[in-house]
>>> print(open('entry.cif').read())   # mmCIF, C-alpha atoms
data_query
loop_
_atom_site.group_PDB
_atom_site.id
_atom_site.type_symbol
_atom_site.label_atom_id
_atom_site.label_comp_id
_atom_site.auth_asym_id
_atom_site.auth_seq_id
_atom_site.Cartn_x
_atom_site.Cartn_y
_atom_site.Cartn_z
ATOM 1 C CA ALA B 1 106.956 34.168 30.742
ATOM 2 C CA ALA B 2 104.694 32.920 28.042
ATOM 3 C CA PRO B 3 104.124 35.200 25.097
ATOM 4 C CA THR B 4 100.712 36.917 25.045
ATOM 5 C CA GLU B 5 98.631 36.823 21.940
ATOM 6 C CA ILE B 6 97.275 40.106 20.753
ATOM 7 C CA ALA B 7 94.238 39.838 18.520
ATOM 8 C CA ALA B 8 94.209 42.323 15.726
ATOM 9 C CA ALA B 9 91.035 44.309 15.265
ATOM 10 C CA PRO B 10 89.066 42.937 12.309
ATOM 11 C CA THR B 11 89.231 44.987 9.138
ATOM 12 C CA ALA B 12 87.437 44.849 5.817
ATOM 13 C CA PHE B 13 90.322 42.707 4.581
ATOM 14 C CA THR B 14 90.238 40.177 7.429
ATOM 15 C CA GLN B 15 86.451 39.943 7.899
ATOM 16 C CA PRO B 16 84.556 37.401 5.814
ATOM 17 C CA ALA B 17 82.226 38.966 3.285
ATOM 18 C CA PRO B 18 78.670 39.378 4.559
ATOM 19 C CA PRO B 19 76.131 37.034 3.012
ATOM 20 C CA PRO B 20 74.405 38.404 -0.083
ATOM 21 C CA PRO B 21 71.022 40.054 0.500
ATOM 22 C CA PRO B 22 67.993 37.857 -0.018
ATOM 23 C CA PRO B 23 66.459 37.957 -3.488
ATOM 24 C CA PRO B 24 63.631 40.441 -3.977
ATOM 25 C CA PRO B 25 60.145 39.073 -3.480
ATOM 26 C CA PRO B 26 58.435 37.944 -6.656
ATOM 27 C CA ALA B 27 56.389 40.563 -8.459
ATOM 28 C CA LYS B 28 52.821 40.841 -7.231
ATOM 29 C CA SER B 29 50.382 38.998 -9.339
ATOM 30 C CA GLY B 30 46.878 37.775 -9.129
ATOM 31 C CA LYS B 31 44.358 40.232 -7.722
ATOM 32 C CA ALA B 32 46.715 43.273 -7.650
ATOM 33 C CA ASP B 33 47.587 42.829 -11.323
ATOM 34 C CA ALA B 34 43.945 42.213 -12.194
ATOM 35 C CA GLN B 35 42.933 45.441 -10.406
ATOM 36 C CA ALA B 36 45.569 47.499 -12.242
ATOM 37 C CA THR B 37 44.631 46.052 -15.625
ATOM 38 C CA TYR B 38 40.917 46.519 -14.995
ATOM 39 C CA ALA B 39 41.414 50.112 -13.766
ATOM 40 C CA ALA B 40 43.215 50.936 -17.024
ATOM 41 C CA LYS B 41 40.321 49.511 -19.058
ATOM 42 C CA VAL B 42 37.797 51.459 -16.987
ATOM 43 C CA ASN B 43 39.821 54.670 -17.480
ATOM 44 C CA ASN B 44 39.736 54.086 -21.219
ATOM 45 C CA ALA B 45 35.961 53.560 -21.117
ATOM 46 C CA VAL B 46 35.446 56.868 -19.260
ATOM 47 C CA TRP B 47 37.794 58.724 -21.598
ATOM 48 C CA ALA B 48 35.972 57.324 -24.642
ATOM 49 C CA ALA B 49 32.607 58.470 -23.229
ATOM 50 C CA HIS B 50 34.136 61.870 -22.468
ATOM 51 C CA ASP B 51 35.467 62.186 -26.029
ATOM 52 C CA ARG B 52 32.023 61.310 -27.467
ATOM 53 C CA ASN B 53 30.381 64.068 -25.412
ATOM 54 C CA TYR B 54 33.196 66.604 -25.139
ATOM 55 C CA PRO B 55 31.693 69.926 -24.007
ATOM 56 C CA ALA B 56 31.484 72.520 -26.777
ATOM 57 C CA ALA B 57 32.192 75.259 -24.220
ATOM 58 C CA ALA B 58 35.602 73.714 -23.482
ATOM 59 C CA VAL B 59 36.436 73.912 -27.173
ATOM 60 C CA ALA B 60 35.065 77.446 -27.548
ATOM 61 C CA ILE B 61 37.211 78.853 -24.745
ATOM 62 C CA ARG B 62 40.123 76.438 -25.296
ATOM 63 C CA PHE B 63 39.855 75.332 -21.678
ATOM 64 C CA ASN B 64 42.652 73.233 -20.204
ATOM 65 C CA GLY B 65 42.092 71.483 -16.897
ATOM 66 C CA GLN B 66 41.143 68.232 -15.257
ATOM 67 C CA THR B 67 38.566 66.835 -12.874
ATOM 68 C CA GLN B 68 39.101 63.815 -10.646
ATOM 69 C CA VAL B 69 36.046 61.598 -10.200
ATOM 70 C CA GLU B 70 35.480 58.631 -7.882
ATOM 71 C CA PHE B 71 32.869 55.899 -8.294
ATOM 72 C CA HIS B 72 32.246 52.213 -7.621
ATOM 73 C CA LEU B 73 31.744 49.389 -10.102
ATOM 74 C CA GLN B 74 30.558 45.869 -9.497
ATOM 75 C CA ASP B 75 30.737 43.386 -12.343
ATOM 76 C CA GLY B 76 31.028 46.220 -14.878
ATOM 77 C CA ILE B 77 27.982 48.090 -13.553
ATOM 78 C CA LEU B 78 28.060 51.522 -11.931
ATOM 79 C CA VAL B 79 26.826 50.961 -8.362
ATOM 80 C CA SER B 80 27.342 54.409 -6.853
ATOM 81 C CA GLU B 81 26.801 57.992 -7.842
ATOM 82 C CA PRO B 82 30.079 59.345 -9.154
ATOM 83 C CA ARG B 83 31.460 62.228 -7.149
ATOM 84 C CA VAL B 84 34.025 64.923 -7.866
ATOM 85 C CA LEU B 85 37.134 64.586 -5.724
ATOM 86 C CA VAL B 86 39.078 67.420 -7.372
ATOM 87 C CA SER B 87 37.264 70.116 -9.321
ATOM 88 C CA CYS B 88 38.686 71.730 -12.412
ATOM 89 C CA GLY B 89 37.205 74.985 -11.143
ATOM 90 C CA TYR B 90 34.179 75.127 -13.444
ATOM 91 C CA GLY B 91 30.945 73.346 -12.571
ATOM 92 C CA ILE B 92 29.962 72.845 -16.202
ATOM 93 C CA PHE B 93 33.128 70.846 -16.880
ATOM 94 C CA ASP B 94 32.934 68.912 -13.603
ATOM 95 C CA LYS B 95 29.379 67.941 -14.621
ATOM 96 C CA SER B 96 30.711 66.787 -17.993
ATOM 97 C CA ALA B 97 33.247 64.553 -16.208
ATOM 98 C CA LEU B 98 30.479 63.054 -14.056
ATOM 99 C CA GLN B 99 28.374 62.398 -17.162
ATOM 100 C CA ALA B 100 31.293 60.626 -18.829
ATOM 101 C CA VAL B 101 31.382 58.221 -15.873
ATOM 102 C CA GLN B 102 27.605 57.697 -16.047
ATOM 103 C CA PHE B 103 27.535 57.090 -19.818
ATOM 104 C CA ALA B 104 30.668 54.949 -20.164
ATOM 105 C CA HIS B 105 30.376 51.360 -21.363
ATOM 106 C CA TYR B 106 32.364 49.397 -18.790
ATOM 107 C CA PRO B 107 34.089 46.104 -19.505
ATOM 108 C CA GLN B 108 33.431 43.041 -17.394
ATOM 109 C CA PRO B 109 36.053 42.608 -14.680
ATOM 110 C CA PRO B 110 38.490 39.703 -14.681
ATOM 111 C CA ASP B 111 37.505 36.610 -12.706
ATOM 112 C CA GLU B 112 39.567 37.733 -9.678
ATOM 113 C CA LEU B 113 37.333 40.810 -9.282
ATOM 114 C CA ARG B 114 33.904 39.317 -10.001
ATOM 115 C CA GLY B 115 31.459 40.233 -7.263
ATOM 116 C CA ASP B 116 33.798 42.876 -5.806
ATOM 117 C CA ASN B 117 32.616 46.434 -5.253
ATOM 118 C CA THR B 118 35.624 48.149 -6.825
ATOM 119 C CA LYS B 119 36.425 51.804 -6.085
ATOM 120 C CA ILE B 120 37.711 53.604 -9.167
ATOM 121 C CA THR B 121 39.328 57.032 -9.389
ATOM 122 C CA VAL B 122 39.686 58.665 -12.806
ATOM 123 C CA TRP B 123 41.133 61.958 -14.025
ATOM 124 C CA VAL B 124 39.041 63.453 -16.842
ATOM 125 C CA HIS B 125 41.101 65.882 -18.908
ATOM 126 C CA PHE B 126 40.003 68.951 -20.835
ATOM 127 C CA ASN B 127 42.648 70.057 -23.270
ATOM 128 C CA GLY B 128 41.079 72.727 -25.433
ATOM 129 C CA HIS B 129 40.434 70.273 -28.304
#
>>> encode(input="entry.cif", output="structure tokens")
Amino acid sequence: AAPTEIAAAPTAFTQPAPPPPPPPPPAKSGKADAQATYAAKVNNAVWAAHDRNYPAAAVAIRFNGQTQVEFHLQDGILVSEPRVLVSCGYGIFDKSALQAVQFAHYPQPPDELRGDNTKITVWVHFNGH
């Protein structure tokens, strides 16, 4: 009788190593980067307007809180009425956040965003100056 071959079950030592995982995709660039950079500049513009017109009542009562505001810009121009998404709980301070958006001096967008109607969301902070 001919000898029978018995195949051993593969183990981690007898199996070839799996191929390495594919490299990660390259970091996003172009429009996504331009949007992030522009959003940061717009935030700074709103915060600067807020600092110029910081409500005296917030200082007087040492109020700490924040209001989230949403609005749209096109080519550095406010093209929608800003609206409160998250109130700080006091209408007078929410109104101050809306005014900061209305009075901010917005930078021109990068070329990738020219002509776009860009939705912006900003947190306006009150920290008891």
>>> atom_distance(input="entry.cif", atom1="atom CA of Gly115 of chain B", atom2="atom CA of Asp75 of chain B")
6.0 Å
>>> resolve_selection(input="entry.cif", expression="the PyMOL selection byres ((chain B and resi 34) around 9)", output="PyMOL selection string")
chain B and resi 29-33+35-39+109-113
>>> atom_distance(input="entry.cif", atom1="atom CA of Gln99 of chain B", atom2="atom CA of Ala58 of chain B")
14.8 Å
>>> residues_around(input="entry.cif", residues="Gln102 of chain B", least_positions_apart="6", cutoff="9 Å", atoms="only C-alpha atoms", output="VMD selection string")
chain B and resid 46 49 78 81 to 82
>>> write_last_selection(input="entry.cif", atoms="C-alpha atoms", output="PDB file, in the coordinates of the input")
ATOM      1  CA  VAL B  46      35.446  56.868 -19.260  1.00  0.00           C
ATOM      2  CA  ALA B  49      32.607  58.470 -23.229  1.00  0.00           C
ATOM      3  CA  LEU B  78      28.060  51.522 -11.931  1.00  0.00           C
ATOM      4  CA  GLU B  81      26.801  57.992  -7.842  1.00  0.00           C
ATOM      5  CA  PRO B  82      30.079  59.345  -9.154  1.00  0.00           C
TER       6      PRO B  82
END
>>> atom_distance(input="entry.cif", atom1="atom CA of Arg83 of chain B", atom2="atom CA of Gln66 of chain B")
14.0 Å
>>> resolve_selection(input="entry.cif", expression="the PyMOL selection byres ((chain B and resi 126) around 9)", output="list in words")
Tyr54, Pro55, Ala58, Val59, Arg62, Phe63, Asn64, Gly65, Gln66, Thr67, Cys88, Phe93, Val124, His125, Asn127, Gly128 and His129 of chain B
>>> residues_around(input="entry.cif", residues="Ala100 of chain B", least_positions_apart="4", cutoff="9 Å", atoms="only C-alpha atoms", output="list in words")
Ala45, Val46, Trp47, Ala48, Ala49, His50, Asp51, Arg52, Asn53, Tyr54, Lys95, Ser96, Ala104 and Val124 of chain B
>>> closest_residue(input="entry.cif", among="B:Ala40, B:Leu98, B:Ala60, B:Leu73", to="Val86 of chain B", atoms="all atoms listed in the file")
B:Leu98
>>> resolve_selection(input="entry.cif", expression="the PyMOL selection byres ((chain B and resi 68) around 6)", output="compact mmCIF listing (two decimals) with C-alpha atoms, keeping the file's coordinate frame")
# COMPACT_ATOMS: atom_id res chain seq x y z
CA THR B 67 38.57 66.83 -12.87
CA VAL B 69 36.05 61.60 -10.20
CA VAL B 84 34.02 64.92 -7.87
CA LEU B 85 37.13 64.59 -5.72
CA VAL B 86 39.08 67.42 -7.37
CA VAL B 122 39.69 58.66 -12.81
CA TRP B 123 41.13 61.96 -14.02
>>> closest_residue(input="entry.cif", among="B:Val79, B:Glu70, B:Tyr90, B:Lys41", to="Tyr106 of chain B", atoms="only C-alpha atoms")
B:Lys41
>>> build_atoms(input="entry.cif", residues="segment 86-107 of chain B", atoms="N, CA, C and O atoms", output="PDB file, keeping the file's coordinate frame")
ATOM      1  N   VAL B  86      38.310  66.206  -7.103  1.00  0.00           N
ATOM      2  CA  VAL B  86      39.078  67.420  -7.372  1.00  0.00           C
ATOM      3  C   VAL B  86      38.410  68.125  -8.542  1.00  0.00           C
ATOM      4  O   VAL B  86      38.328  67.580  -9.642  1.00  0.00           O
ATOM      5  N   SER B  87      37.947  69.339  -8.286  1.00  0.00           N
ATOM      6  CA  SER B  87      37.264  70.116  -9.321  1.00  0.00           C
ATOM      7  C   SER B  87      38.274  70.790 -10.239  1.00  0.00           C
ATOM      8  O   SER B  87      39.375  71.159  -9.824  1.00  0.00           O
ATOM      9  N   CYS B  88      37.864  70.977 -11.472  1.00  0.00           N
ATOM     10  CA  CYS B  88      38.686  71.730 -12.412  1.00  0.00           C
ATOM     11  C   CYS B  88      38.473  73.231 -12.219  1.00  0.00           C
ATOM     12  O   CYS B  88      39.183  74.042 -12.793  1.00  0.00           O
ATOM     13  N   GLY B  89      37.482  73.586 -11.410  1.00  0.00           N
ATOM     14  CA  GLY B  89      37.205  74.985 -11.143  1.00  0.00           C
ATOM     15  C   GLY B  89      35.955  75.511 -11.831  1.00  0.00           C
ATOM     16  O   GLY B  89      35.518  76.623 -11.552  1.00  0.00           O
ATOM     17  N   TYR B  90      35.380  74.718 -12.718  1.00  0.00           N
ATOM     18  CA  TYR B  90      34.179  75.127 -13.444  1.00  0.00           C
ATOM     19  C   TYR B  90      33.147  74.019 -13.356  1.00  0.00           C
ATOM     20  O   TYR B  90      33.372  72.904 -13.831  1.00  0.00           O
ATOM     21  N   GLY B  91      31.999  74.338 -12.763  1.00  0.00           N
ATOM     22  CA  GLY B  91      30.945  73.346 -12.571  1.00  0.00           C
ATOM     23  C   GLY B  91      30.490  72.673 -13.843  1.00  0.00           C
ATOM     24  O   GLY B  91      30.218  71.474 -13.856  1.00  0.00           O
ATOM     25  N   ILE B  92      30.435  73.426 -14.936  1.00  0.00           N
ATOM     26  CA  ILE B  92      29.962  72.845 -16.202  1.00  0.00           C
ATOM     27  C   ILE B  92      30.891  71.722 -16.668  1.00  0.00           C
ATOM     28  O   ILE B  92      30.429  70.701 -17.183  1.00  0.00           O
ATOM     29  N   PHE B  93      32.186  71.875 -16.445  1.00  0.00           N
ATOM     30  CA  PHE B  93      33.128  70.846 -16.880  1.00  0.00           C
ATOM     31  C   PHE B  93      33.178  69.688 -15.887  1.00  0.00           C
ATOM     32  O   PHE B  93      33.329  68.531 -16.281  1.00  0.00           O
ATOM     33  N   ASP B  94      33.033  69.993 -14.590  1.00  0.00           N
ATOM     34  CA  ASP B  94      32.934  68.912 -13.603  1.00  0.00           C
ATOM     35  C   ASP B  94      31.713  68.042 -13.914  1.00  0.00           C
ATOM     36  O   ASP B  94      31.785  66.812 -13.856  1.00  0.00           O
ATOM     37  N   LYS B  95      30.593  68.686 -14.270  1.00  0.00           N
ATOM     38  CA  LYS B  95      29.379  67.941 -14.621  1.00  0.00           C
ATOM     39  C   LYS B  95      29.627  67.059 -15.844  1.00  0.00           C
ATOM     40  O   LYS B  95      29.167  65.916 -15.903  1.00  0.00           O
ATOM     41  N   SER B  96      30.380  67.568 -16.805  1.00  0.00           N
ATOM     42  CA  SER B  96      30.711  66.787 -17.993  1.00  0.00           C
ATOM     43  C   SER B  96      31.531  65.550 -17.615  1.00  0.00           C
ATOM     44  O   SER B  96      31.323  64.464 -18.165  1.00  0.00           O
ATOM     45  N   ALA B  97      32.441  65.696 -16.662  1.00  0.00           N
ATOM     46  CA  ALA B  97      33.247  64.553 -16.208  1.00  0.00           C
ATOM     47  C   ALA B  97      32.350  63.511 -15.531  1.00  0.00           C
ATOM     48  O   ALA B  97      32.508  62.302 -15.761  1.00  0.00           O
ATOM     49  N   LEU B  98      31.412  63.978 -14.713  1.00  0.00           N
ATOM     50  CA  LEU B  98      30.479  63.054 -14.056  1.00  0.00           C
ATOM     51  C   LEU B  98      29.614  62.315 -15.083  1.00  0.00           C
ATOM     52  O   LEU B  98      29.349  61.119 -14.946  1.00  0.00           O
ATOM     53  N   GLN B  99      29.184  63.026 -16.116  1.00  0.00           N
ATOM     54  CA  GLN B  99      28.374  62.398 -17.162  1.00  0.00           C
ATOM     55  C   GLN B  99      29.181  61.351 -17.929  1.00  0.00           C
ATOM     56  O   GLN B  99      28.644  60.309 -18.305  1.00  0.00           O
ATOM     57  N   ALA B 100      30.453  61.616 -18.143  1.00  0.00           N
ATOM     58  CA  ALA B 100      31.293  60.626 -18.829  1.00  0.00           C
ATOM     59  C   ALA B 100      31.312  59.318 -18.045  1.00  0.00           C
ATOM     60  O   ALA B 100      31.227  58.231 -18.620  1.00  0.00           O
ATOM     61  N   VAL B 101      31.405  59.422 -16.720  1.00  0.00           N
ATOM     62  CA  VAL B 101      31.382  58.221 -15.873  1.00  0.00           C
ATOM     63  C   VAL B 101      30.024  57.522 -15.988  1.00  0.00           C
ATOM     64  O   VAL B 101      29.947  56.303 -16.102  1.00  0.00           O
ATOM     65  N   GLN B 102      28.941  58.291 -15.988  1.00  0.00           N
ATOM     66  CA  GLN B 102      27.605  57.697 -16.047  1.00  0.00           C
ATOM     67  C   GLN B 102      27.317  57.045 -17.394  1.00  0.00           C
ATOM     68  O   GLN B 102      26.600  56.051 -17.465  1.00  0.00           O
ATOM     69  N   PHE B 103      27.853  57.593 -18.479  1.00  0.00           N
ATOM     70  CA  PHE B 103      27.535  57.090 -19.818  1.00  0.00           C
ATOM     71  C   PHE B 103      28.563  56.111 -20.384  1.00  0.00           C
ATOM     72  O   PHE B 103      28.369  55.587 -21.479  1.00  0.00           O
ATOM     73  N   ALA B 104      29.623  55.856 -19.662  1.00  0.00           N
ATOM     74  CA  ALA B 104      30.668  54.949 -20.164  1.00  0.00           C
ATOM     75  C   ALA B 104      30.133  53.520 -20.269  1.00  0.00           C
ATOM     76  O   ALA B 104      29.236  53.116 -19.521  1.00  0.00           O
ATOM     77  N   HIS B 105      30.685  52.787 -21.194  1.00  0.00           N
ATOM     78  CA  HIS B 105      30.376  51.360 -21.363  1.00  0.00           C
ATOM     79  C   HIS B 105      31.527  50.584 -20.741  1.00  0.00           C
ATOM     80  O   HIS B 105      32.611  50.508 -21.317  1.00  0.00           O
ATOM     81  N   TYR B 106      31.296  50.034 -19.553  1.00  0.00           N
ATOM     82  CA  TYR B 106      32.364  49.397 -18.790  1.00  0.00           C
ATOM     83  C   TYR B 106      32.557  47.941 -19.177  1.00  0.00           C
ATOM     84  O   TYR B 106      31.583  47.216 -19.390  1.00  0.00           O
ATOM     85  N   PRO B 107      33.815  47.516 -19.221  1.00  0.00           N
ATOM     86  CA  PRO B 107      34.089  46.104 -19.505  1.00  0.00           C
ATOM     87  C   PRO B 107      33.790  45.253 -18.274  1.00  0.00           C
ATOM     88  O   PRO B 107      33.727  45.756 -17.155  1.00  0.00           O
TER      89      PRO B 107
END
